[in-house]
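Trainee: Okay, handing you the structure first.
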Amino acid sequence: MIPVKTIEWRGDLDGVVRLIDQTLLPNEVRYLDVRDVETMWEAIRMLRVRGAPAIGIAGAYGVVLHLVPRASAAAGKGSAILAKHLDQAIVRLAAVRSTPVNLQWALERQRACFKRHIGHLTALEMCARLLMEAKRIHREDEEQCARIADHGAPLLSGGVLTIGNSGALATGGVGTALGCIVRAHQLGRKLRTFVGESRPLLQGSRLTAPELQRAGVPVAVICDGSAGALLASGQVAAVIVAADRIAANGDCAAQIGAYQLAVLAKAHRLPFYVAAPHSSFDLRLRDGTRMPIDERDPDDVRRPRGVLVAPADVPVWSPGFDVTPAELVTAIITDRGVVRAPTAAKIKALLG
């Protein structure tokens, strides 16, 4: 059975970040010990670690990995000597993914921590402080997931449809959308979860289905294209997804396929919920029209899991995310509460 501790710092200041290589699941559980920022960049790029909250945590730890060897080589010197190396790490990691705003949010947390303490810490003391901040980000995400699950669980009963993976493999805690499902099950609500395969990377069938089986939640995998037929059959009472970035007005960038589920939910008069921590909101974006969208490698479609299923030279259009307009969202479930029929004013009030 798949373990669910997707990321952890192991050791002292000169330790490593241990990740589950999610590209190999569910067939093989292999741990990757990351010791430098380039390996972390590659792990995020290749989706060995994935899910917006988990990527943010990985980025925060990646900054520490980059700075510790430089600080060790400058023992006794002030932390100002690390400034350019901090910028290098942040620039490098921020560029690896564009849609999940949690990555930039966590990196800026590390930058702000550095600026607060630069005047009175040695280089090694600064690294220790940044490691504390990264662990704090990790711990906060675990706590936020728990609150999201508490807020979302009462909204779910009966059949629930989701897509992608938004559980413990994607976060530092129990998960966001999937956390709500698991918590509802723990509370004794009678659930049956349907999860789309989530092509082209099959996060739904490879990751979410085993997570739910481990939690004891009844689950069935469906082809992404059968979602409309499923909703028409009357077996689903609600749709719930996670989000990687939410604009100021409530437009949500989520796993590719979420938008069509929102349209289908609207057509069948079913609630469509989005679950995400407050760090997934990007108030710099007025709406979703300029949402940055990562594109997948064309061979993820042409050669899923290494098997050629299309002409090797056929062009491919494969965005990793789509944007669901706020008017299709019944409610956004956050660690700070539930925003029903989201608007810019309601979101501003929620975030203070």
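Within each chain, counting starts at residue 1; across the structure tokens, chains are named A, B, ... in the order shown, with ligands numbered 1 upward in that order.
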Looking only at the backbone, which of the residues in region 160-216 of chain A does DSSP tag as helix (DSSP H, G or I), as a PyMOL selection string?
Mentor: chain A and resi 168-170+177-186+203-215
Trainee: Produce a file of the selected residues containing N, CA, C and O atoms, as a short mmCIF file (atom, residue, chain, number, x, y, z; two decimals), in the first residue's frame.
Mentor:
data_model
loop_
_atom_site.label_atom_id
_atom_site.label_comp_id
_atom_site.auth_asym_id
_atom_site.auth_seq_id
_atom_site.Cartn_x
_atom_site.Cartn_y
_atom_site.Cartn_z
N ALA A 168 -2.83 13.39 0.61
CA ALA A 168 -1.58 13.51 1.37
C ALA A 168 -0.36 13.49 0.47
O ALA A 168 0.70 14.01 0.84
N LEU A 169 -0.45 12.90 -0.70
CA LEU A 169 0.67 12.90 -1.63
C LEU A 169 0.90 14.27 -2.25
O LEU A 169 1.97 14.53 -2.79
N ALA A 170 -0.08 15.15 -2.18
CA ALA A 170 0.01 16.46 -2.82
C ALA A 170 0.21 17.60 -1.83
O ALA A 170 0.33 18.75 -2.24
N ALA A 177 -9.02 18.78 -1.30
CA ALA A 177 -10.29 18.17 -1.71
C ALA A 177 -10.38 16.73 -1.22
O ALA A 177 -11.41 16.30 -0.68
N LEU A 178 -9.31 15.98 -1.37
CA LEU A 178 -9.32 14.60 -0.93
C LEU A 178 -9.38 14.52 0.60
O LEU A 178 -9.97 13.60 1.16
N GLY A 179 -8.78 15.49 1.27
CA GLY A 179 -8.86 15.54 2.72
C GLY A 179 -10.30 15.69 3.19
O GLY A 179 -10.69 15.10 4.20
N CYS A 180 -11.09 16.50 2.48
CA CYS A 180 -12.51 16.65 2.83
C CYS A 180 -13.24 15.32 2.70
O CYS A 180 -14.09 14.97 3.54
N ILE A 181 -12.92 14.57 1.65
CA ILE A 181 -13.56 13.28 1.44
C ILE A 181 -13.20 12.30 2.55
O ILE A 181 -14.06 11.62 3.13
N VAL A 182 -11.90 12.24 2.86
CA VAL A 182 -11.44 11.31 3.90
C VAL A 182 -12.05 11.68 5.26
O VAL A 182 -12.51 10.81 6.01
N ARG A 183 -12.09 12.99 5.57
CA ARG A 183 -12.66 13.39 6.85
C ARG A 183 -14.16 13.07 6.91
O ARG A 183 -14.66 12.64 7.96
N ALA A 184 -14.87 13.28 5.81
CA ALA A 184 -16.30 12.95 5.79
C ALA A 184 -16.50 11.46 6.07
O ALA A 184 -17.41 11.06 6.81
N HIS A 185 -15.65 10.63 5.49
CA HIS A 185 -15.73 9.19 5.73
C HIS A 185 -15.46 8.88 7.20
O HIS A 185 -16.17 8.06 7.82
N GLN A 186 -14.45 9.54 7.78
CA GLN A 186 -14.12 9.32 9.18
C GLN A 186 -15.27 9.71 10.10
O GLN A 186 -15.43 9.14 11.19
N GLN A 203 -3.06 10.80 -12.46
CA GLN A 203 -2.95 11.01 -11.01
C GLN A 203 -4.15 10.43 -10.27
O GLN A 203 -4.03 10.01 -9.12
N GLY A 204 -5.31 10.42 -10.92
CA GLY A 204 -6.50 9.89 -10.26
C GLY A 204 -6.42 8.40 -10.03
O GLY A 204 -6.63 7.91 -8.91
N SER A 205 -6.10 7.66 -11.07
CA SER A 205 -6.05 6.20 -10.94
C SER A 205 -4.79 5.73 -10.24
O SER A 205 -4.83 4.79 -9.45
N ARG A 206 -3.65 6.39 -10.47
CA ARG A 206 -2.38 5.94 -9.88
C ARG A 206 -2.22 6.35 -8.42
O ARG A 206 -1.60 5.63 -7.63
N LEU A 207 -2.74 7.54 -8.06
CA LEU A 207 -2.46 8.11 -6.75
C LEU A 207 -3.71 8.22 -5.86
O LEU A 207 -3.70 7.79 -4.71
N THR A 208 -4.78 8.80 -6.41
CA THR A 208 -5.96 9.02 -5.59
C THR A 208 -6.67 7.72 -5.22
O THR A 208 -7.06 7.53 -4.06
N ALA A 209 -6.84 6.84 -6.18
CA ALA A 209 -7.54 5.58 -5.88
C ALA A 209 -6.83 4.79 -4.77
O ALA A 209 -7.48 4.35 -3.81
N PRO A 210 -5.50 4.62 -4.83
CA PRO A 210 -4.84 3.91 -3.72
C PRO A 210 -4.92 4.67 -2.40
O PRO A 210 -5.04 4.04 -1.34
N GLU A 211 -4.84 6.00 -2.44
CA GLU A 211 -4.97 6.78 -1.19
C GLU A 211 -6.33 6.52 -0.54
O GLU A 211 -6.42 6.34 0.68
N LEU A 212 -7.39 6.54 -1.34
CA LEU A 212 -8.72 6.34 -0.79
C LEU A 212 -8.91 4.90 -0.31
O LEU A 212 -9.56 4.65 0.71
N GLN A 213 -8.34 3.95 -1.03
CA GLN A 213 -8.41 2.57 -0.56
C GLN A 213 -7.73 2.43 0.79
O GLN A 213 -8.24 1.76 1.69
N ARG A 214 -6.58 3.07 0.94
CA ARG A 214 -5.86 3.01 2.22
C ARG A 214 -6.71 3.59 3.35
O ARG A 214 -6.69 3.09 4.48
N ALA A 215 -7.45 4.66 3.03
CA ALA A 215 -8.29 5.31 4.04
C ALA A 215 -9.61 4.58 4.28
O ALA A 215 -10.38 4.97 5.15
#
Trainee: Which parts of region 9-167 of chain A does DSSP call strand (DSSP E or B) when run on the backbone here, written out as an mmCIF file with C-alpha atoms, in the first residue's frame?
Mentor:
data_model
loop_
_atom_site.group_PDB
_atom_site.id
_atom_site.type_symbol
_atom_site.label_atom_id
_atom_site.label_comp_id
_atom_site.auth_asym_id
_atom_site.auth_seq_id
_atom_site.Cartn_x
_atom_site.Cartn_y
_atom_site.Cartn_z
ATOM 1 C CA TRP A 9 13.443 16.906 6.079
ATOM 2 C CA ARG A 10 15.742 14.232 7.480
ATOM 3 C CA VAL A 16 18.451 15.941 3.094
ATOM 4 C CA VAL A 17 14.908 16.232 1.815
ATOM 5 C CA ARG A 18 13.344 12.810 1.326
ATOM 6 C CA LEU A 19 10.633 12.555 -1.328
ATOM 7 C CA ILE A 20 8.500 9.754 -2.660
ATOM 8 C CA TYR A 31 12.451 7.382 -2.023
ATOM 9 C CA LEU A 32 14.609 10.146 -3.426
ATOM 10 C CA ASP A 33 17.056 11.949 -1.128
ATOM 11 C CA VAL A 34 17.511 15.489 -2.430
ATOM 12 C CA GLY A 78 27.791 37.311 8.402
ATOM 13 C CA THR A 122 26.003 34.458 10.890
ATOM 14 C CA GLY A 158 -23.512 10.138 -1.041
ATOM 15 C CA GLY A 159 -21.667 9.993 -4.345
ATOM 16 C CA VAL A 160 -18.722 12.364 -4.811
ATOM 17 C CA LEU A 161 -16.752 12.925 -8.011
ATOM 18 C CA THR A 162 -13.211 14.288 -8.072
ATOM 19 C CA GLY A 167 -4.557 14.153 -0.867
#
Trainee: Got a sec: who's within 8 Å of region 273-288 of chain A, counting only C-alpha atoms, leaving out chain neighbours fewer than 2 positions off, as a PyMOL selection string?
Mentor: chain A and resi 52+100-102+105+141+144-145+148+152+176-177+238-253+271+290-291+323+325+329-336+351
Trainee: Rank A:Ser166, A:Thr99, A:Ser318, A:Thr39 by their smallest atom-to-atom distance to Ile293 (chain A), using only C-alpha atoms, and report the top residue only.
Mentor: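 Closest to Ile293 (chain A) of all the choices is A:Thr99.
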Trainee: Counting only C-alpha atoms, which residue out of A:His151, A:Lys77, A:Arg303, A:Arg136 sits closest to Ile118 (chain A)?
Mentor: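 Using only C-alpha atoms, the shortest distance to Ile118 (chain A) belongs to A:Lys77.
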Trainee: Can you tell me how far CA of Leu261 (chain A) sits from CA of Ala227 (chain A), in Å to one decimal?
Mentor: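 We find that CA of Leu261 (chain A) and CA of Ala227 (chain A) lie 7.3 Å from each other.
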Trainee: Looking at only C-alpha atoms, which of A:Val338, A:Ala254, A:Val236, A:Ala106 is the one that sits closest to Ala149 (chain A)?
Mentor: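 Using only C-alpha atoms, Ala149 (chain A) sits closest to A:Val338.
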Trainee: Tell me which protein, DNA and RNA residues are within 9 Å of Leu328 (chain A), counting only C-alpha atoms, leaving out same-chain ones fewer than 4 positions away, and put them as an NGL selection string.
Mentor: :A and (251 or 259 or 262-263 or 265-266 or 271-272 or 324 or 341)
Trainee: Given only C-alpha atoms as the basis, pick out the residue of A:Ala326, A:Ile44, A:Ala237, A:Asp150 nearest to Val339 (chain A).
Mentor: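 Closest residue, counting only C-alpha atoms: A:Ala326.
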Trainee: Go through A:Asp294, A:Ala94, A:Leu201, A:Val314 and flag the residue nearest Leu24 (chain A), using only C-alpha atoms for the distances.
Mentor: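 Looking at the shortest contact to Leu24 (chain A), the residue is A:Leu201.
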Trainee: Go through A:Val37, A:Ala153, A:Val174, A:Ala345 one by one, measure the shortest atom-to-atom distance of each to Arg189 (chain A) using only C-alpha atoms, and give the residue with the smallest value.
Mentor: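 So, comparing all the options, the nearest one is A:Ala153.
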Trainee: Set the distance at 8 Å and use only C-alpha atoms: which residues neighbour Asp224 (chain A) once local chain neighbours fewer than 3 positions away are removed? I'd like the list as a ChimeraX atom specification.
Mentor: /A:196-199,227,257
Trainee: Neighbouring residues of Ala75 (chain A) were defined as those with any atom within 9 Å, considering only C-alpha atoms; residues of the same chain fewer than 4 positions away were excluded. Please report them as a list in words.
Mentor: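 Those residues are Arg70, Ala71, Thr122, Ala123 and Leu124 of chain A.
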Trainee: Counting only C-alpha atoms, what is within 12 Å of Val301 (chain A), bar same-chain residues fewer than 6 positions away, as a list in words?
Mentor: Ser198, Arg199, Pro200, Leu201, Leu202, Glu295, Val307, Leu308, Val309, Ala310, Pro311, Ala312, Asp313, Val314, Pro315, Val316, Trp317, Ser318, Pro319 and Gly320 of chain A
